[in-house]
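Report on one structure; see the data block that follows.
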Amino acid sequence: MDRSQQIVRVSVIGIAANVALAAFKAAVGLLAGSIAVVLDAVNNLSDAFSSVVTIIGTKLANRPPDRKHPYGHGRIEYVSSVAIAIIVLLAGVASFRESVDAILHPEKADYTLVTVIVVAAAVLVKLILGRFVKKSGEKLRSESLVASGTDAFFDAIVSATTLVGAVVTMLFRISIDGWLGALISILIVKAGAEILMESLSDIVGQRIEGDLTRSLRNKINSTEGVLGTYDLILHRYGPEKFIGSVHVEVADNLTAREIHRLTRKISEEVYREFGIIMTVGIYASNSEDPDAAALKQDVERIAAAHPEVLGIHGFYTEPGTNRVSFDLLMDFGQDTKAVYEAVCEEVSAAHPGYIFDIVLDSDFSD
């Protein structure tokens with residue numbers, strides 16, 4: 001069973017469980033006259049619809065690449081996560097309106113021991129369902145499933161709050177359903193907003209997790225002939241599809257044939273182990289030039305004097321000339337232009353006999 005089939009299977013289980021829970025809660029809430037229990041049932045229906053959206057999104061995202069979409073359709077899963085977040089937000093807003101009405105026009109709720117037992121059972125089922133769906137989502141790298149599982153787990157806490165309201169009504173004959181319903185609604189809206197922001201962040205393009213980039217760097221650096229790994233950039237086109245590029249530093253006395261063999265080896269091994277399509281570029285390193293090594297050390301000292309600079313790489317002095325090139329790596333959120341110009345001026349002033357080609361670079365990955 002492939003990934004998409006597993007996601008669909010987990011979603012179908014979620015739909016069945018949520019529909020059953022919604023039916024139970026709606027019946028209990030109507031019989032007891034509890035707005036909080038009824039709203040909890042409506043929330044279960046929204047969860048079931050979220051699972052339907054997950055299935056549709058997974059099916060569309062699994063379509064193969066075409067001429068118009070050469071990178072595939074994997075990012076549709078992020079769109080489905082946005083849709084789920086909107087569903088959760090709308091459910092929260094609607095339930096808040098109903099709760100406010102219940103506060104302004106309260107109706108006496110009639111809870112029984114059976115009501116409490118049913119709601120308690122629903123809490124237990126929702127906890128199990130939420131854990132199952134979230135764990136499945138993490139295993140399958142499905143953000144839609146993780147969102148649904150998180151929402152389901154959160155709903156269990158919400159249902160537990162409803163249970164507290166039922167116990168308070170039974171013991172003290174005080175109805176707090178409307179207030180509990182309002183609290184539930186606020187929490188639902190909060191959860192929806194968090195899911196929405198995370199999904200939008202994926203669509204915009206966020207930094208890839210450090211474990212993956214560190215593993216990639218270690219793998220590439222372990223390749224014979226590689227002196228350093230820089231400019232690692234990864235683009236995510238769905239939960240399981242990455243396309244990236246990287247620069248590796250090599251000795252400047254390698255032949256074109258040796259460089260070709262090296263870059264092909266890196267690309268093939270990265271794809272075989274990580275499933276990432278990787279383009280490999282080259283930085284030459286002065287292999288037999290002590291003057292170049294001394295110059296690099298001094299340039300590193302000048303750059304390090306600026307806290308906004310993370311480092312330099314790709315340093316190379318062209319043999320037989322006075323031309324030097326390197327990349328200046330800057331941290332985000334800094335006045336990069338001012339720092340760049342300052343470093344250029346200081347380096348040129350310290351070594352007036354050289355022409356420096358300095359490229360401003362960004363910290364795209366850990």
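For the structure tokens, the naming scheme is as follows: chains receive sequential letters (A, B, ...) according to their order of presentation, residues are indexed from 1 within each chain, and ligands are indexed from 1 in presentation order.
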List the spatial neighbours of A:Thr58 as a list in words - criterion: any atom at most 7 Å away, only C-alpha atoms, same-chain residues fewer than 3 positions off excluded.
Ser4, Thr54, Ile55, Ala61, Asn62 and Glu77 of chain A
Would you save the residues of that selection, restricted to N, CA and C atoms, as a PDB file, in the first residue's frame?
```pdb
ATOM      1  N   SER A   4      -0.305   7.465  -0.513  1.00  0.00           N
ATOM      2  CA  SER A   4      -1.620   8.071  -0.715  1.00  0.00           C
ATOM      3  C   SER A   4      -2.742   7.134  -0.264  1.00  0.00           C
ATOM      4  N   THR A  54      -9.084  16.014   3.135  1.00  0.00           N
ATOM      5  CA  THR A  54      -7.771  15.368   3.105  1.00  0.00           C
ATOM      6  C   THR A  54      -7.697  14.325   1.998  1.00  0.00           C
ATOM      7  N   ILE A  55      -8.759  13.540   1.856  1.00  0.00           N
ATOM      8  CA  ILE A  55      -8.795  12.505   0.813  1.00  0.00           C
ATOM      9  C   ILE A  55      -8.728  13.143  -0.576  1.00  0.00           C
ATOM     10  N   ALA A  61      -3.018  15.676  -5.220  1.00  0.00           N
ATOM     11  CA  ALA A  61      -1.575  15.866  -5.057  1.00  0.00           C
ATOM     12  C   ALA A  61      -0.783  14.699  -5.633  1.00  0.00           C
ATOM     13  N   ASN A  62      -1.425  13.537  -5.740  1.00  0.00           N
ATOM     14  CA  ASN A  62      -0.740  12.340  -6.221  1.00  0.00           C
ATOM     15  C   ASN A  62      -0.685  12.250  -7.747  1.00  0.00           C
ATOM     16  N   GLU A  77      -1.441  19.383  -1.254  1.00  0.00           N
ATOM     17  CA  GLU A  77      -1.669  18.949   0.132  1.00  0.00           C
ATOM     18  C   GLU A  77      -1.639  20.140   1.090  1.00  0.00           C
TER      19      GLU A  77
END
```
Within 12 Å of A:Val347, counting only C-alpha atoms, which residues show up once you throw out same-chain ones fewer than 5 positions away? Write them as a CSV table (one decimal) with C-alpha atoms, in the first residue's frame, please.
```csv
chain,number,residue,atom,x,y,z
A,295,LEU,CA,45.0,36.1,2.4
A,296,LYS,CA,41.9,34.0,3.1
A,297,GLN,CA,42.7,33.9,6.8
A,298,ASP,CA,43.0,37.7,6.9
A,299,VAL,CA,39.8,38.3,5.0
A,300,GLU,CA,38.0,35.9,7.4
A,301,ARG,CA,39.3,38.0,10.3
A,302,ILE,CA,37.9,41.2,8.7
A,303,ALA,CA,34.5,39.7,8.0
A,304,ALA,CA,34.3,38.1,11.5
A,305,ALA,CA,34.6,41.6,13.0
A,324,VAL,CA,40.0,37.1,-5.7
A,325,SER,CA,36.4,35.9,-5.3
A,326,PHE,CA,34.3,34.7,-2.4
A,328,LEU,CA,29.9,36.8,2.1
A,340,TYR,CA,28.4,44.3,2.6
A,341,GLU,CA,29.8,47.7,1.5
A,342,ALA,CA,31.7,48.1,4.8
A,352,PRO,CA,45.1,47.3,-2.2
A,353,GLY,CA,47.0,45.1,-4.6
A,354,TYR,CA,44.0,42.8,-5.2
A,355,ILE,CA,40.7,43.0,-7.0
A,356,PHE,CA,37.9,41.5,-4.9
A,357,ASP,CA,34.7,40.0,-6.5
A,358,ILE,CA,32.4,39.6,-3.4
```
List the spatial neighbours of A:Val82 as number ranges by chain - criterion: any atom at most 8 Å away, only C-alpha atoms, same-chain residues fewer than 5 positions off excluded.
A: 195-196, 199-200
File of the preceding selection, C-alpha atoms, as a compact mmCIF listing (two decimals), in the first residue's frame:
```
# COMPACT_ATOMS: atom_id res chain seq x y z
CA ILE A 195 -3.24 25.30 11.46
CA LEU A 196 -3.85 28.05 8.91
CA SER A 199 -0.09 25.74 6.18
CA LEU A 200 0.42 29.20 4.71
```
Where does DSSP see alpha helix (DSSP H) in stretch 193-318 of chain A, if you list the residues as a PyMOL selection string?
chain A and resi 193-204+210-221+256-274+290-304
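Across A:His313, A:Lys68, A:His235, A:Arg173, the tightest approach to A:Ile277 is made by A:His235 when counting only C-alpha atoms.
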With a distance cut-off of 9 Å and only C-alpha atoms, select the neighbouring residues of stretch 248-254 of chain A, excluding the residue or stretch itself and same-chain residues fewer than 6 positions from it, and output the selection as a PDB file with N, CA and C atoms, in the first residue's frame.
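Listed below is the output, selection_17.pdb:
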```pdb
ATOM      1  N   ILE A 220      27.379  14.496   1.898  1.00  0.00           N
ATOM      2  CA  ILE A 220      28.166  15.090   0.816  1.00  0.00           C
ATOM      3  C   ILE A 220      29.615  15.296   1.237  1.00  0.00           C
ATOM      4  N   ASN A 221      29.820  15.760   2.469  1.00  0.00           N
ATOM      5  CA  ASN A 221      31.182  16.007   2.949  1.00  0.00           C
ATOM      6  C   ASN A 221      32.004  14.723   3.071  1.00  0.00           C
ATOM      7  N   GLY A 225      37.174  13.764  -2.081  1.00  0.00           N
ATOM      8  CA  GLY A 225      37.437  14.877  -2.986  1.00  0.00           C
ATOM      9  C   GLY A 225      36.692  16.143  -2.612  1.00  0.00           C
ATOM     10  N   VAL A 226      35.693  16.047  -1.728  1.00  0.00           N
ATOM     11  CA  VAL A 226      34.929  17.218  -1.301  1.00  0.00           C
ATOM     12  C   VAL A 226      35.613  17.861  -0.099  1.00  0.00           C
ATOM     13  N   LEU A 227      35.954  19.132  -0.212  1.00  0.00           N
ATOM     14  CA  LEU A 227      36.625  19.863   0.865  1.00  0.00           C
ATOM     15  C   LEU A 227      35.654  20.667   1.730  1.00  0.00           C
ATOM     16  N   GLY A 228      34.435  20.874   1.262  1.00  0.00           N
ATOM     17  CA  GLY A 228      33.434  21.632   2.016  1.00  0.00           C
ATOM     18  C   GLY A 228      32.126  21.695   1.254  1.00  0.00           C
ATOM     19  N   THR A 229      31.043  21.911   1.980  1.00  0.00           N
ATOM     20  CA  THR A 229      29.706  21.972   1.384  1.00  0.00           C
ATOM     21  C   THR A 229      29.057  23.299   1.738  1.00  0.00           C
ATOM     22  N   TYR A 230      28.568  24.024   0.722  1.00  0.00           N
ATOM     23  CA  TYR A 230      28.018  25.356   0.946  1.00  0.00           C
ATOM     24  C   TYR A 230      26.775  25.582   0.076  1.00  0.00           C
ATOM     25  N   ASP A 231      26.045  26.624   0.418  1.00  0.00           N
ATOM     26  CA  ASP A 231      24.892  27.065  -0.388  1.00  0.00           C
ATOM     27  C   ASP A 231      23.863  25.958  -0.610  1.00  0.00           C
ATOM     28  N   THR A 263      30.652  15.094  -9.193  1.00  0.00           N
ATOM     29  CA  THR A 263      29.314  15.683  -9.076  1.00  0.00           C
ATOM     30  C   THR A 263      28.222  14.660  -9.396  1.00  0.00           C
ATOM     31  N   VAL A 280      24.595  19.993  -8.445  1.00  0.00           N
ATOM     32  CA  VAL A 280      25.841  20.233  -7.718  1.00  0.00           C
ATOM     33  C   VAL A 280      26.711  21.221  -8.484  1.00  0.00           C
ATOM     34  N   GLY A 281      27.064  22.325  -7.828  1.00  0.00           N
ATOM     35  CA  GLY A 281      27.987  23.296  -8.397  1.00  0.00           C
ATOM     36  C   GLY A 281      29.348  23.186  -7.731  1.00  0.00           C
ATOM     37  N   ILE A 282      30.330  23.889  -8.278  1.00  0.00           N
ATOM     38  CA  ILE A 282      31.709  23.738  -7.812  1.00  0.00           C
ATOM     39  C   ILE A 282      32.321  25.072  -7.376  1.00  0.00           C
ATOM     40  N   TYR A 283      33.023  25.048  -6.238  1.00  0.00           N
ATOM     41  CA  TYR A 283      33.917  26.117  -5.827  1.00  0.00           C
ATOM     42  C   TYR A 283      35.338  25.559  -5.885  1.00  0.00           C
ATOM     43  N   ALA A 284      36.238  26.255  -6.550  1.00  0.00           N
ATOM     44  CA  ALA A 284      37.642  25.824  -6.589  1.00  0.00           C
ATOM     45  C   ALA A 284      38.370  26.330  -5.356  1.00  0.00           C
ATOM     46  N   SER A 285      39.294  25.529  -4.872  1.00  0.00           N
ATOM     47  CA  SER A 285      40.092  25.907  -3.704  1.00  0.00           C
ATOM     48  C   SER A 285      41.564  25.876  -4.086  1.00  0.00           C
ATOM     49  N   ASN A 286      42.299  26.920  -3.718  1.00  0.00           N
ATOM     50  CA  ASN A 286      43.724  26.971  -4.037  1.00  0.00           C
ATOM     51  C   ASN A 286      44.455  25.824  -3.340  1.00  0.00           C
ATOM     52  N   SER A 287      44.944  24.896  -4.130  1.00  0.00           N
ATOM     53  CA  SER A 287      45.525  23.690  -3.549  1.00  0.00           C
ATOM     54  C   SER A 287      46.994  23.843  -3.174  1.00  0.00           C
ATOM     55  N   GLU A 288      47.729  24.661  -3.880  1.00  0.00           N
ATOM     56  CA  GLU A 288      49.172  24.791  -3.618  1.00  0.00           C
ATOM     57  C   GLU A 288      49.578  26.266  -3.650  1.00  0.00           C
ATOM     58  N   HIS A 313      32.771  31.887   2.209  1.00  0.00           N
ATOM     59  CA  HIS A 313      33.105  30.609   1.574  1.00  0.00           C
ATOM     60  C   HIS A 313      33.307  30.836   0.075  1.00  0.00           C
ATOM     61  N   GLY A 314      33.758  29.796  -0.606  1.00  0.00           N
ATOM     62  CA  GLY A 314      34.031  29.925  -2.036  1.00  0.00           C
ATOM     63  C   GLY A 314      35.207  30.834  -2.321  1.00  0.00           C
TER      64      GLY A 314
END
```
